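To be precise, the following lines are coords-v4.pdb, and they hold PDB, C-alpha atoms.
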ATOM      1  CA  MET A  37       7.390 -69.389  79.397  1.00  0.00           C
ATOM      2  CA  THR A  38       3.925 -70.520  78.309  1.00  0.00           C
ATOM      3  CA  SER A  39       1.538 -71.001  81.220  1.00  0.00           C
ATOM      4  CA  ILE A  40      -1.877 -72.558  81.643  1.00  0.00           C
ATOM      5  CA  ASP A  41      -4.383 -73.125  84.420  1.00  0.00           C
ATOM      6  CA  LEU A  42      -5.734 -76.614  85.126  1.00  0.00           C
ATOM      7  CA  ASN A  43      -9.341 -76.709  86.323  1.00  0.00           C
ATOM      8  CA  ALA A  44     -11.627 -79.586  87.280  1.00  0.00           C
ATOM      9  CA  ASP A  45     -15.302 -79.941  88.188  1.00  0.00           C
ATOM     10  CA  LEU A  46     -15.398 -80.893  91.868  1.00  0.00           C
ATOM     11  CA  GLY A  47     -17.923 -81.327  94.664  1.00  0.00           C
ATOM     12  CA  GLU A  48     -20.236 -83.196  92.320  1.00  0.00           C
ATOM     13  CA  GLY A  49     -21.778 -85.448  94.928  1.00  0.00           C
ATOM     14  CA  PHE A  50     -24.928 -85.283  96.993  1.00  0.00           C
ATOM     15  CA  GLY A  51     -25.333 -86.479 100.551  1.00  0.00           C
ATOM     16  CA  ARG A  52     -23.497 -89.780 100.985  1.00  0.00           C
ATOM     17  CA  TRP A  53     -23.014 -90.219  97.227  1.00  0.00           C
ATOM     18  CA  ARG A  54     -19.754 -88.917  95.723  1.00  0.00           C
ATOM     19  CA  LEU A  55     -18.834 -88.708  92.060  1.00  0.00           C
ATOM     20  CA  THR A  56     -15.377 -87.125  92.056  1.00  0.00           C
ATOM     21  CA  ASP A  57     -12.214 -87.786  94.078  1.00  0.00           C
ATOM     22  CA  ASP A  58     -12.036 -84.181  95.212  1.00  0.00           C
ATOM     23  CA  GLU A  59      -9.155 -84.465  97.663  1.00  0.00           C
ATOM     24  CA  ARG A  60      -6.758 -86.187  95.265  1.00  0.00           C
ATOM     25  CA  LEU A  61      -7.674 -83.964  92.313  1.00  0.00           C
ATOM     26  CA  LEU A  62      -7.015 -80.888  94.441  1.00  0.00           C
ATOM     27  CA  SER A  63      -3.396 -82.008  94.674  1.00  0.00           C
ATOM     28  CA  VAL A  64      -3.071 -81.613  90.882  1.00  0.00           C
ATOM     29  CA  VAL A  65      -5.313 -78.807  89.623  1.00  0.00           C
ATOM     30  CA  THR A  66      -4.865 -75.083  90.171  1.00  0.00           C
ATOM     31  CA  SER A  67      -8.559 -74.140  89.996  1.00  0.00           C
ATOM     32  CA  ALA A  68     -11.625 -75.982  91.320  1.00  0.00           C
ATOM     33  CA  ASN A  69     -15.067 -75.547  89.731  1.00  0.00           C
ATOM     34  CA  VAL A  70     -17.269 -76.317  92.724  1.00  0.00           C
ATOM     35  CA  ALA A  71     -20.858 -77.472  92.185  1.00  0.00           C
ATOM     36  CA  CYS A  72     -23.235 -75.100  93.963  1.00  0.00           C
ATOM     37  CA  GLY A  73     -26.203 -77.361  94.640  1.00  0.00           C
ATOM     38  CA  PHE A  74     -28.214 -76.935  91.440  1.00  0.00           C
ATOM     39  CA  HIS A  75     -26.799 -79.791  89.341  1.00  0.00           C
ATOM     40  CA  ALA A  76     -24.877 -81.510  92.140  1.00  0.00           C
ATOM     41  CA  GLY A  77     -23.390 -80.726  95.530  1.00  0.00           C
ATOM     42  CA  ASP A  78     -24.857 -79.843  98.886  1.00  0.00           C
ATOM     43  CA  ALA A  79     -23.895 -77.582 101.763  1.00  0.00           C
ATOM     44  CA  ALA A  80     -21.608 -80.078 103.500  1.00  0.00           C
ATOM     45  CA  THR A  81     -19.871 -80.999 100.245  1.00  0.00           C
ATOM     46  CA  MET A  82     -19.368 -77.366  99.283  1.00  0.00           C
ATOM     47  CA  ARG A  83     -17.888 -76.603 102.667  1.00  0.00           C
ATOM     48  CA  ARG A  84     -15.539 -79.589 102.576  1.00  0.00           C
ATOM     49  CA  VAL A  85     -14.219 -78.842  99.091  1.00  0.00           C
ATOM     50  CA  CYS A  86     -13.677 -75.164  99.927  1.00  0.00           C
ATOM     51  CA  GLU A  87     -11.686 -76.118 103.015  1.00  0.00           C
ATOM     52  CA  GLN A  88      -9.560 -78.599 101.082  1.00  0.00           C
ATOM     53  CA  ALA A  89      -8.979 -76.146  98.230  1.00  0.00           C
ATOM     54  CA  ALA A  90      -7.958 -73.395 100.637  1.00  0.00           C
ATOM     55  CA  GLU A  91      -5.478 -75.697 102.363  1.00  0.00           C
ATOM     56  CA  ARG A  92      -3.794 -76.405  99.016  1.00  0.00           C
ATOM     57  CA  GLY A  93      -3.906 -72.882  97.604  1.00  0.00           C
ATOM     58  CA  VAL A  94      -6.292 -73.904  94.819  1.00  0.00           C
ATOM     59  CA  ARG A  95      -8.561 -71.174  93.445  1.00  0.00           C
ATOM     60  CA  ILE A  96     -12.294 -71.705  93.996  1.00  0.00           C
ATOM     61  CA  GLY A  97     -14.779 -71.143  91.196  1.00  0.00           C
ATOM     62  CA  ALA A  98     -18.564 -71.262  91.348  1.00  0.00           C
ATOM     63  CA  GLN A  99     -19.859 -73.791  88.826  1.00  0.00           C
ATOM     64  CA  VAL A 100     -23.355 -72.488  88.241  1.00  0.00           C
ATOM     65  CA  SER A 101     -26.070 -74.511  86.542  1.00  0.00           C
ATOM     66  CA  TYR A 102     -29.693 -74.796  85.637  1.00  0.00           C
ATOM     67  CA  ARG A 103     -31.732 -76.151  88.563  1.00  0.00           C
ATOM     68  CA  ASP A 104     -31.566 -79.798  87.476  1.00  0.00           C
ATOM     69  CA  LEU A 105     -30.350 -82.271  90.091  1.00  0.00           C
ATOM     70  CA  ALA A 106     -32.086 -85.220  88.432  1.00  0.00           C
ATOM     71  CA  GLY A 107     -30.459 -84.535  85.076  1.00  0.00           C
ATOM     72  CA  PHE A 108     -27.069 -83.450  86.456  1.00  0.00           C
ATOM     73  CA  GLY A 109     -27.559 -80.077  84.790  1.00  0.00           C
ATOM     74  CA  ARG A 110     -27.242 -81.586  81.326  1.00  0.00           C
ATOM     75  CA  ARG A 111     -30.861 -81.248  80.178  1.00  0.00           C
ATOM     76  CA  ALA A 112     -31.953 -78.333  78.017  1.00  0.00           C
ATOM     77  CA  MET A 113     -34.135 -75.898  79.949  1.00  0.00           C
ATOM     78  CA  ASP A 114     -35.801 -72.572  79.233  1.00  0.00           C
ATOM     79  CA  VAL A 115     -35.476 -70.315  82.262  1.00  0.00           C
ATOM     80  CA  PRO A 116     -36.682 -66.689  82.153  1.00  0.00           C
ATOM     81  CA  PRO A 117     -33.664 -64.335  82.146  1.00  0.00           C
ATOM     82  CA  ALA A 118     -34.517 -62.550  85.405  1.00  0.00           C
ATOM     83  CA  GLU A 119     -35.007 -65.891  87.163  1.00  0.00           C
ATOM     84  CA  LEU A 120     -31.765 -67.304  85.766  1.00  0.00           C
ATOM     85  CA  ALA A 121     -29.802 -64.213  86.811  1.00  0.00           C
ATOM     86  CA  ALA A 122     -31.146 -64.524  90.352  1.00  0.00           C
ATOM     87  CA  GLU A 123     -30.306 -68.237  90.477  1.00  0.00           C
ATOM     88  CA  VAL A 124     -26.761 -67.629  89.243  1.00  0.00           C
ATOM     89  CA  ALA A 125     -26.230 -64.990  91.940  1.00  0.00           C
ATOM     90  CA  TYR A 126     -27.771 -67.319  94.535  1.00  0.00           C
ATOM     91  CA  GLN A 127     -25.333 -70.108  93.697  1.00  0.00           C
ATOM     92  CA  ILE A 128     -22.323 -67.806  93.807  1.00  0.00           C
ATOM     93  CA  GLY A 129     -23.446 -66.366  97.138  1.00  0.00           C
ATOM     94  CA  ALA A 130     -23.929 -69.801  98.679  1.00  0.00           C
ATOM     95  CA  LEU A 131     -20.424 -70.907  97.719  1.00  0.00           C
ATOM     96  CA  GLU A 132     -18.923 -67.609  98.868  1.00  0.00           C
ATOM     97  CA  VAL A 133     -20.110 -68.291 102.431  1.00  0.00           C
ATOM     98  CA  PHE A 134     -18.084 -71.495 102.591  1.00  0.00           C
ATOM     99  CA  ALA A 135     -15.097 -70.043 100.753  1.00  0.00           C
ATOM    100  CA  ARG A 136     -14.850 -67.155 103.197  1.00  0.00           C
ATOM    101  CA  ALA A 137     -15.267 -69.501 106.163  1.00  0.00           C
ATOM    102  CA  ALA A 138     -12.247 -71.396 104.808  1.00  0.00           C
ATOM    103  CA  GLY A 139     -10.213 -68.191 104.641  1.00  0.00           C
ATOM    104  CA  THR A 140     -10.467 -67.585 100.923  1.00  0.00           C
ATOM    105  CA  ARG A 141     -13.082 -66.429  98.388  1.00  0.00           C
ATOM    106  CA  VAL A 142     -14.830 -67.345  95.160  1.00  0.00           C
ATOM    107  CA  SER A 143     -12.382 -66.308  92.441  1.00  0.00           C
ATOM    108  CA  TYR A 144     -14.348 -66.911  89.233  1.00  0.00           C
ATOM    109  CA  VAL A 145     -17.563 -68.320  87.737  1.00  0.00           C
ATOM    110  CA  LYS A 146     -18.041 -71.111  85.210  1.00  0.00           C
ATOM    111  CA  PRO A 147     -21.380 -72.395  83.878  1.00  0.00           C
ATOM    112  CA  HIS A 148     -21.981 -76.148  83.818  1.00  0.00           C
ATOM    113  CA  GLY A 149     -23.443 -78.627  81.338  1.00  0.00           C
ATOM    114  CA  ALA A 150     -26.463 -77.505  79.361  1.00  0.00           C
ATOM    115  CA  LEU A 151     -26.060 -73.923  80.539  1.00  0.00           C
ATOM    116  CA  TYR A 152     -22.407 -73.868  79.442  1.00  0.00           C
ATOM    117  CA  ASN A 153     -23.331 -74.998  75.945  1.00  0.00           C
ATOM    118  CA  ARG A 154     -26.423 -72.769  75.713  1.00  0.00           C
ATOM    119  CA  VAL A 155     -24.526 -69.545  76.463  1.00  0.00           C
ATOM    120  CA  VAL A 156     -22.087 -70.209  73.637  1.00  0.00           C
ATOM    121  CA  HIS A 157     -24.722 -68.975  71.165  1.00  0.00           C
ATOM    122  CA  ASP A 158     -27.819 -67.815  73.110  1.00  0.00           C
ATOM    123  CA  GLU A 159     -27.478 -64.104  73.821  1.00  0.00           C
ATOM    124  CA  GLU A 160     -30.448 -63.906  76.185  1.00  0.00           C
ATOM    125  CA  GLN A 161     -29.283 -66.738  78.432  1.00  0.00           C
ATOM    126  CA  ALA A 162     -25.681 -65.531  78.260  1.00  0.00           C
ATOM    127  CA  GLY A 163     -26.805 -62.059  79.296  1.00  0.00           C
ATOM    128  CA  ALA A 164     -28.719 -63.528  82.224  1.00  0.00           C
ATOM    129  CA  VAL A 165     -25.610 -65.333  83.460  1.00  0.00           C
ATOM    130  CA  VAL A 166     -23.604 -62.106  83.192  1.00  0.00           C
ATOM    131  CA  ASP A 167     -26.333 -60.229  85.072  1.00  0.00           C
ATOM    132  CA  GLY A 168     -26.208 -62.860  87.812  1.00  0.00           C
ATOM    133  CA  VAL A 169     -22.442 -62.543  88.151  1.00  0.00           C
ATOM    134  CA  LEU A 170     -22.713 -58.748  88.300  1.00  0.00           C
ATOM    135  CA  LEU A 171     -25.365 -59.051  91.000  1.00  0.00           C
ATOM    136  CA  ALA A 172     -23.113 -61.269  93.117  1.00  0.00           C
ATOM    137  CA  ASP A 173     -19.729 -59.615  92.503  1.00  0.00           C
ATOM    138  CA  ALA A 174     -18.909 -57.294  89.614  1.00  0.00           C
ATOM    139  CA  THR A 175     -15.196 -58.198  89.758  1.00  0.00           C
ATOM    140  CA  LEU A 176     -15.457 -61.946  89.146  1.00  0.00           C
ATOM    141  CA  PRO A 177     -13.850 -63.442  86.018  1.00  0.00           C
ATOM    142  CA  VAL A 178     -16.081 -65.628  83.835  1.00  0.00           C
ATOM    143  CA  LEU A 179     -14.719 -68.854  82.363  1.00  0.00           C
ATOM    144  CA  GLY A 180     -16.102 -70.051  79.040  1.00  0.00           C
ATOM    145  CA  LEU A 181     -15.580 -71.245  75.478  1.00  0.00           C
ATOM    146  CA  PRO A 182     -13.539 -68.988  73.150  1.00  0.00           C
ATOM    147  CA  GLY A 183     -15.808 -66.982  70.867  1.00  0.00           C
ATOM    148  CA  SER A 184     -18.893 -67.578  72.997  1.00  0.00           C
ATOM    149  CA  ARG A 185     -21.635 -65.018  73.519  1.00  0.00           C
ATOM    150  CA  LEU A 186     -21.039 -65.422  77.242  1.00  0.00           C
ATOM    151  CA  LEU A 187     -17.455 -64.191  77.109  1.00  0.00           C
ATOM    152  CA  GLU A 188     -18.357 -61.423  74.659  1.00  0.00           C
ATOM    153  CA  LEU A 189     -21.080 -60.069  76.944  1.00  0.00           C
ATOM    154  CA  ALA A 190     -18.967 -60.545  80.056  1.00  0.00           C
ATOM    155  CA  ALA A 191     -16.183 -58.439  78.548  1.00  0.00           C
ATOM    156  CA  LYS A 192     -18.669 -55.742  77.514  1.00  0.00           C
ATOM    157  CA  ALA A 193     -19.936 -55.650  81.103  1.00  0.00           C
ATOM    158  CA  GLY A 194     -16.413 -55.163  82.446  1.00  0.00           C
ATOM    159  CA  LEU A 195     -15.963 -58.712  83.750  1.00  0.00           C
ATOM    160  CA  PRO A 196     -12.667 -60.477  83.005  1.00  0.00           C
ATOM    161  CA  ALA A 197     -13.395 -63.049  80.261  1.00  0.00           C
ATOM    162  CA  VAL A 198     -11.215 -66.166  80.505  1.00  0.00           C
ATOM    163  CA  THR A 199     -11.063 -68.688  77.666  1.00  0.00           C
ATOM    164  CA  GLU A 200     -11.179 -72.417  78.367  1.00  0.00           C
ATOM    165  CA  ALA A 201     -10.330 -75.589  76.443  1.00  0.00           C
ATOM    166  CA  PHE A 202     -11.115 -79.286  76.976  1.00  0.00           C
ATOM    167  CA  ALA A 203      -8.504 -81.977  76.420  1.00  0.00           C
ATOM    168  CA  ASP A 204     -10.998 -84.831  76.762  1.00  0.00           C
ATOM    169  CA  ARG A 205     -13.848 -83.465  74.605  1.00  0.00           C
ATOM    170  CA  ALA A 206     -14.120 -83.597  70.827  1.00  0.00           C
ATOM    171  CA  TYR A 207     -14.383 -80.307  68.914  1.00  0.00           C
ATOM    172  CA  THR A 208     -16.375 -79.407  65.832  1.00  0.00           C
ATOM    173  CA  GLU A 209     -14.753 -77.570  62.927  1.00  0.00           C
ATOM    174  CA  ARG A 210     -16.295 -74.352  64.319  1.00  0.00           C
ATOM    175  CA  GLY A 211     -14.445 -74.713  67.622  1.00  0.00           C
ATOM    176  CA  THR A 212     -17.492 -75.761  69.651  1.00  0.00           C
ATOM    177  CA  LEU A 213     -17.842 -78.984  71.622  1.00  0.00           C
ATOM    178  CA  VAL A 214     -19.358 -82.061  69.993  1.00  0.00           C
ATOM    179  CA  PRO A 215     -22.609 -82.754  71.918  1.00  0.00           C
ATOM    180  CA  ARG A 216     -22.233 -85.521  74.494  1.00  0.00           C
ATOM    181  CA  GLY A 217     -24.966 -87.582  72.849  1.00  0.00           C
ATOM    182  CA  GLN A 218     -22.953 -88.004  69.648  1.00  0.00           C
ATOM    183  CA  ASP A 219     -20.427 -90.771  69.043  1.00  0.00           C
ATOM    184  CA  GLY A 220     -16.864 -89.679  69.754  1.00  0.00           C
ATOM    185  CA  ALA A 221     -17.858 -86.695  71.883  1.00  0.00           C
ATOM    186  CA  LEU A 222     -15.517 -87.872  74.633  1.00  0.00           C
ATOM    187  CA  VAL A 223     -11.801 -88.512  74.107  1.00  0.00           C
ATOM    188  CA  THR A 224     -11.128 -91.635  76.157  1.00  0.00           C
ATOM    189  CA  ASP A 225      -7.572 -92.602  75.164  1.00  0.00           C
ATOM    190  CA  PRO A 226      -5.314 -91.296  77.987  1.00  0.00           C
ATOM    191  CA  GLU A 227      -2.320 -90.684  75.714  1.00  0.00           C
ATOM    192  CA  ALA A 228      -4.504 -88.724  73.295  1.00  0.00           C
ATOM    193  CA  VAL A 229      -5.780 -86.556  76.163  1.00  0.00           C
ATOM    194  CA  VAL A 230      -2.213 -85.881  77.324  1.00  0.00           C
ATOM    195  CA  ALA A 231      -1.016 -85.023  73.817  1.00  0.00           C
ATOM    196  CA  ARG A 232      -4.020 -82.751  73.192  1.00  0.00           C
ATOM    197  CA  SER A 233      -3.336 -80.953  76.479  1.00  0.00           C
ATOM    198  CA  VAL A 234       0.204 -80.091  75.418  1.00  0.00           C
ATOM    199  CA  GLY A 235      -0.958 -79.039  71.959  1.00  0.00           C
ATOM    200  CA  LEU A 236      -3.640 -76.761  73.357  1.00  0.00           C
ATOM    201  CA  ALA A 237      -1.231 -75.167  75.810  1.00  0.00           C
ATOM    202  CA  ARG A 238       1.692 -74.685  73.425  1.00  0.00           C
ATOM    203  CA  SER A 239       0.094 -74.036  70.025  1.00  0.00           C
ATOM    204  CA  GLY A 240      -3.517 -73.182  70.855  1.00  0.00           C
ATOM    205  CA  GLU A 241      -4.751 -75.781  68.384  1.00  0.00           C
ATOM    206  CA  VAL A 242      -6.608 -79.081  68.467  1.00  0.00           C
ATOM    207  CA  THR A 243      -7.709 -81.598  65.851  1.00  0.00           C
ATOM    208  CA  SER A 244     -11.456 -81.450  65.274  1.00  0.00           C
ATOM    209  CA  HIS A 245     -13.804 -84.426  65.106  1.00  0.00           C
ATOM    210  CA  ALA A 246     -13.580 -84.139  61.306  1.00  0.00           C
ATOM    211  CA  GLY A 247      -9.777 -84.255  61.330  1.00  0.00           C
ATOM    212  CA  THR A 248      -9.087 -80.560  60.658  1.00  0.00           C
ATOM    213  CA  ARG A 249      -6.967 -78.274  62.783  1.00  0.00           C
ATOM    214  CA  VAL A 250      -8.971 -75.799  64.879  1.00  0.00           C
ATOM    215  CA  GLU A 251      -7.631 -72.808  66.781  1.00  0.00           C
ATOM    216  CA  VAL A 252      -8.630 -72.940  70.460  1.00  0.00           C
ATOM    217  CA  ARG A 253      -6.559 -70.434  72.391  1.00  0.00           C
ATOM    218  CA  ALA A 254      -7.284 -70.846  76.078  1.00  0.00           C
ATOM    219  CA  ARG A 255      -5.946 -69.640  79.405  1.00  0.00           C
ATOM    220  CA  SER A 256      -7.423 -72.593  81.302  1.00  0.00           C
ATOM    221  CA  LEU A 257      -7.654 -76.314  80.548  1.00  0.00           C
ATOM    222  CA  CYS A 258     -10.493 -78.420  81.964  1.00  0.00           C
ATOM    223  CA  LEU A 259      -9.897 -81.966  83.171  1.00  0.00           C
ATOM    224  CA  HIS A 260     -13.176 -83.720  83.935  1.00  0.00           C
ATOM    225  CA  GLY A 261     -13.154 -85.315  87.372  1.00  0.00           C
ATOM    226  CA  ASP A 262     -15.941 -87.813  86.661  1.00  0.00           C
ATOM    227  CA  THR A 263     -14.105 -89.851  84.026  1.00  0.00           C
ATOM    228  CA  PRO A 264     -12.556 -93.232  84.941  1.00  0.00           C
ATOM    229  CA  GLY A 265      -8.962 -92.832  86.135  1.00  0.00           C
ATOM    230  CA  ALA A 266      -9.366 -89.055  86.382  1.00  0.00           C
ATOM    231  CA  VAL A 267      -6.748 -88.561  89.104  1.00  0.00           C
ATOM    232  CA  GLU A 268      -4.036 -90.572  87.383  1.00  0.00           C
ATOM    233  CA  LEU A 269      -4.819 -88.872  84.076  1.00  0.00           C
ATOM    234  CA  ALA A 270      -4.611 -85.428  85.698  1.00  0.00           C
ATOM    235  CA  HIS A 271      -1.170 -86.277  87.077  1.00  0.00           C
ATOM    236  CA  ARG A 272      -0.016 -87.409  83.636  1.00  0.00           C
ATOM    237  CA  VAL A 273      -1.323 -84.251  81.989  1.00  0.00           C
ATOM    238  CA  ARG A 274       0.367 -81.954  84.483  1.00  0.00           C
ATOM    239  CA  ALA A 275       3.658 -83.854  84.338  1.00  0.00           C
ATOM    240  CA  ARG A 276       3.722 -83.774  80.521  1.00  0.00           C
ATOM    241  CA  LEU A 277       2.856 -80.081  80.430  1.00  0.00           C
ATOM    242  CA  GLU A 278       5.664 -79.199  82.803  1.00  0.00           C
ATOM    243  CA  ALA A 279       8.106 -81.473  80.952  1.00  0.00           C
ATOM    244  CA  SER A 280       7.138 -79.610  77.760  1.00  0.00           C
ATOM    245  CA  GLY A 281       8.064 -76.259  79.264  1.00  0.00           C
ATOM    246  CA  VAL A 282       4.555 -75.165  80.211  1.00  0.00           C
ATOM    247  CA  ARG A 283       4.116 -73.525  83.599  1.00  0.00           C
ATOM    248  CA  VAL A 284       0.950 -74.720  85.361  1.00  0.00           C
ATOM    249  CA  GLU A 285      -0.579 -71.916  87.410  1.00  0.00           C
ATOM    250  CA  ALA A 286      -3.968 -70.409  88.233  1.00  0.00           C
ATOM    251  CA  PHE A 287      -5.213 -67.646  85.942  1.00  0.00           C
ATOM    252  CA  VAL A 288      -6.250 -65.483  88.928  1.00  0.00           C
TER     253      VAL A 288
END
How would this structure read if it were set down as structure tokens?
Amino acid sequence: MTSIDLNADLGEGFGRWRLTDDERLLSVVTSANVACGFHAGDAATMRRVCEQAAERGVRIGAQVSYRDLAGFGRRAMDVPPAELAAEVAYQIGALEVFARAAGTRVSYVKPHGALYNRVVHDEEQAGAVVDGVLLADATLPVLGLPGSRLLELAAKAGLPAVTEAFADRAYTERGTLVPRGQDGALVTDPEAVVARSVGLARSGEVTSHAGTRVEVRARSLCLHGDTPGAVELAHRVRARLEASGVRVEAFV
């Protein structure tokens, strides 16, 4: 039976402000990408999400980012490699404290926003992320875009490289994500998101922004938690996947 992991970006609040419905999404997803305080999140939020994830048996991932709270980690930045590696390790270590306190551990690492897109093609920044993961825990899987420099370097360093797809993001003909600033970058029709999820899981293909078929073979599928109706959409995606004969389970 075909299987796929469902992941979502969680803990993306700060202080009294909350962006995602973490508790309800944790009842649907199998992996939680938890913000580590650099693009969103704070100590109390990280602790709460780790506790809730542990209670539900959801895997915890460190969603590492450029240090950019004001821009939600989506602004392009140039960070020296040694500094970026240290900051990646710092974020993983901070989340690990709360994961262990909840009786579990950080199970993988996923970059966020501008960093995620940068390490698709930038070898220096991708290498810095890998160095940061190695510094924190040389056994951690790295989640990223198929064909990215990040996953290539992670595999060379002996880290498990896990491919990821997005049901609610438009793809270019090269298999990369259409930048958020461009029209049509987000897929907003719920039925289209559900259908794309099944297609990605069963055939490893998706229709690009230009209308061509693109191969995107992924072990994990990301459902963004900050889109309107995210919880209901996540339930629909999981139900349709299971009805289509796809087993939904964590990749680790």
Got a sec to resolve the PyMOL selection byres ((chain A and resi 157) around 12) on this structure and send the residues as a PDB file with C-alpha atoms, in the coordinates of the input?
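Done, and the output landed in expr.pdb:
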ATOM      1  CA  ALA A 150     -26.463 -77.505  79.361  1.00  0.00           C
ATOM      2  CA  LEU A 151     -26.060 -73.923  80.539  1.00  0.00           C
ATOM      3  CA  TYR A 152     -22.407 -73.868  79.442  1.00  0.00           C
ATOM      4  CA  ASN A 153     -23.331 -74.998  75.945  1.00  0.00           C
ATOM      5  CA  ARG A 154     -26.423 -72.769  75.713  1.00  0.00           C
ATOM      6  CA  VAL A 155     -24.526 -69.545  76.463  1.00  0.00           C
ATOM      7  CA  VAL A 156     -22.087 -70.209  73.637  1.00  0.00           C
ATOM      8  CA  ASP A 158     -27.819 -67.815  73.110  1.00  0.00           C
ATOM      9  CA  GLU A 159     -27.478 -64.104  73.821  1.00  0.00           C
ATOM     10  CA  GLU A 160     -30.448 -63.906  76.185  1.00  0.00           C
ATOM     11  CA  GLN A 161     -29.283 -66.738  78.432  1.00  0.00           C
ATOM     12  CA  ALA A 162     -25.681 -65.531  78.260  1.00  0.00           C
ATOM     13  CA  GLY A 163     -26.805 -62.059  79.296  1.00  0.00           C
ATOM     14  CA  GLY A 180     -16.102 -70.051  79.040  1.00  0.00           C
ATOM     15  CA  LEU A 181     -15.580 -71.245  75.478  1.00  0.00           C
ATOM     16  CA  PRO A 182     -13.539 -68.988  73.150  1.00  0.00           C
ATOM     17  CA  GLY A 183     -15.808 -66.982  70.867  1.00  0.00           C
ATOM     18  CA  SER A 184     -18.893 -67.578  72.997  1.00  0.00           C
ATOM     19  CA  ARG A 185     -21.635 -65.018  73.519  1.00  0.00           C
ATOM     20  CA  LEU A 186     -21.039 -65.422  77.242  1.00  0.00           C
ATOM     21  CA  LEU A 187     -17.455 -64.191  77.109  1.00  0.00           C
ATOM     22  CA  GLU A 188     -18.357 -61.423  74.659  1.00  0.00           C
ATOM     23  CA  LEU A 189     -21.080 -60.069  76.944  1.00  0.00           C
ATOM     24  CA  THR A 212     -17.492 -75.761  69.651  1.00  0.00           C
TER      25      THR A 212
END
Q: Given the file shown, enumerate the residues that the PyMOL selection byres ((chain A and resi 194) around 10) captures and present them as a PyMOL selection string.
A: chain A and resi 170+174-177+189-193+195-197
I need the residues from that last selection saved to file as a compact mmCIF listing (two decimals), in the frame of the given file (with C-alpha atoms), if you can.
# COMPACT_ATOMS: atom_id res chain seq x y z
CA LEU A 170 -22.71 -58.75 88.30
CA ALA A 174 -18.91 -57.29 89.61
CA THR A 175 -15.20 -58.20 89.76
CA LEU A 176 -15.46 -61.95 89.15
CA PRO A 177 -13.85 -63.44 86.02
CA LEU A 189 -21.08 -60.07 76.94
CA ALA A 190 -18.97 -60.54 80.06
CA ALA A 191 -16.18 -58.44 78.55
CA LYS A 192 -18.67 -55.74 77.51
CA ALA A 193 -19.94 -55.65 81.10
CA LEU A 195 -15.96 -58.71 83.75
CA PRO A 196 -12.67 -60.48 83.00
CA ALA A 197 -13.40 -63.05 80.26
Contacts of segment 201-208 of chain A within 6 Å, all atoms listed in the file, excl. fewer than 2 positions in-chain, as number ranges by chain
A: 210-214, 221-223, 229, 232-233, 244-245, 254, 257-258
Produce a file of the selected residues containing C-alpha atoms, as a PDB file, in the frame of the given file.
ATOM      1  CA  ARG A 210     -16.295 -74.352  64.319  1.00  0.00           C
ATOM      2  CA  GLY A 211     -14.445 -74.713  67.622  1.00  0.00           C
ATOM      3  CA  THR A 212     -17.492 -75.761  69.651  1.00  0.00           C
ATOM      4  CA  LEU A 213     -17.842 -78.984  71.622  1.00  0.00           C
ATOM      5  CA  VAL A 214     -19.358 -82.061  69.993  1.00  0.00           C
ATOM      6  CA  ALA A 221     -17.858 -86.695  71.883  1.00  0.00           C
ATOM      7  CA  LEU A 222     -15.517 -87.872  74.633  1.00  0.00           C
ATOM      8  CA  VAL A 223     -11.801 -88.512  74.107  1.00  0.00           C
ATOM      9  CA  VAL A 229      -5.780 -86.556  76.163  1.00  0.00           C
ATOM     10  CA  ARG A 232      -4.020 -82.751  73.192  1.00  0.00           C
ATOM     11  CA  SER A 233      -3.336 -80.953  76.479  1.00  0.00           C
ATOM     12  CA  SER A 244     -11.456 -81.450  65.274  1.00  0.00           C
ATOM     13  CA  HIS A 245     -13.804 -84.426  65.106  1.00  0.00           C
ATOM     14  CA  ALA A 254      -7.284 -70.846  76.078  1.00  0.00           C
ATOM     15  CA  LEU A 257      -7.654 -76.314  80.548  1.00  0.00           C
ATOM     16  CA  CYS A 258     -10.493 -78.420  81.964  1.00  0.00           C
TER      17      CYS A 258
END
Computed gap from atom CA of Val250 of chain A to atom CA of Asp45 of chain A is 24.5 Å
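Going from atom CA of Val133 of chain A to atom CA of Ala71 of chain A covers 13.8 Å.
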Which residues of segment 138-230 of chain A have any atom within 6 Å of an atom in segment 119-123 of chain A when counting only C-alpha atoms, and what is the closest pair of atoms for each, with the distance in Å to one decimal? Order the rows by chain and rising number and write it as CSV.
residue,atom,partner,partner_atom,distance
A:Ala164,CA,A:Ala121,CA,4.8
A:Val165,CA,A:Ala121,CA,5.5
A:Asp167,CA,A:Ala121,CA,5.6
A:Gly168,CA,A:Ala121,CA,4.0
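Shortest separation to Thr56 of chain A among A:Val85, A:Ala279, A:Val252, A:Ile40 occurs at residue A:Val85, atoms counted being all atoms listed in the file.
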TODO: To one decimal in Å, tell me the separation between atom CA of Ala172 of chain A and atom CA of Gln127 of chain A.
DONE: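 Between atom CA of Ala172 of chain A and atom CA of Gln127 of chain A the gap works out to 9.1 Å.
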Of A:Val115, A:Cys86, A:Gln99, A:Arg110, the one sitting nearest Arg136 of chain A when using all atoms listed in the file is A:Cys86
Assuming the chain letters and numbering stay as they are in my file, what does the PyMOL selection byres ((chain A and resi 280) around 10) actually select? List them as a list of chain:residue names.
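Checking the PyMOL selection byres ((chain A and resi 280) around 10) against this file, the residues are A:Thr38, A:Val234, A:Gly235, A:Ala237, A:Arg238, A:Arg274, A:Ala275, A:Arg276, A:Leu277, A:Glu278, A:Ala279, A:Gly281, A:Val282, A:Arg283.
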Name all residues at most 9 Å from segment 284-287 of chain A (count all atoms listed in the file; drop same-chain ones fewer than 5 positions away) and give them as an MDAnalysis selection string. chainID A and resid 38:43 65:67 94:95 198 255:256 274 277:278
Selected residue, from A:Arg272, A:Arg103, A:Ala246, A:Phe134, that lies nearest to Ala80 of chain A when counting only C-alpha atoms: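 Closest to Ala80 of chain A, using only C-alpha atoms: A:Phe134.
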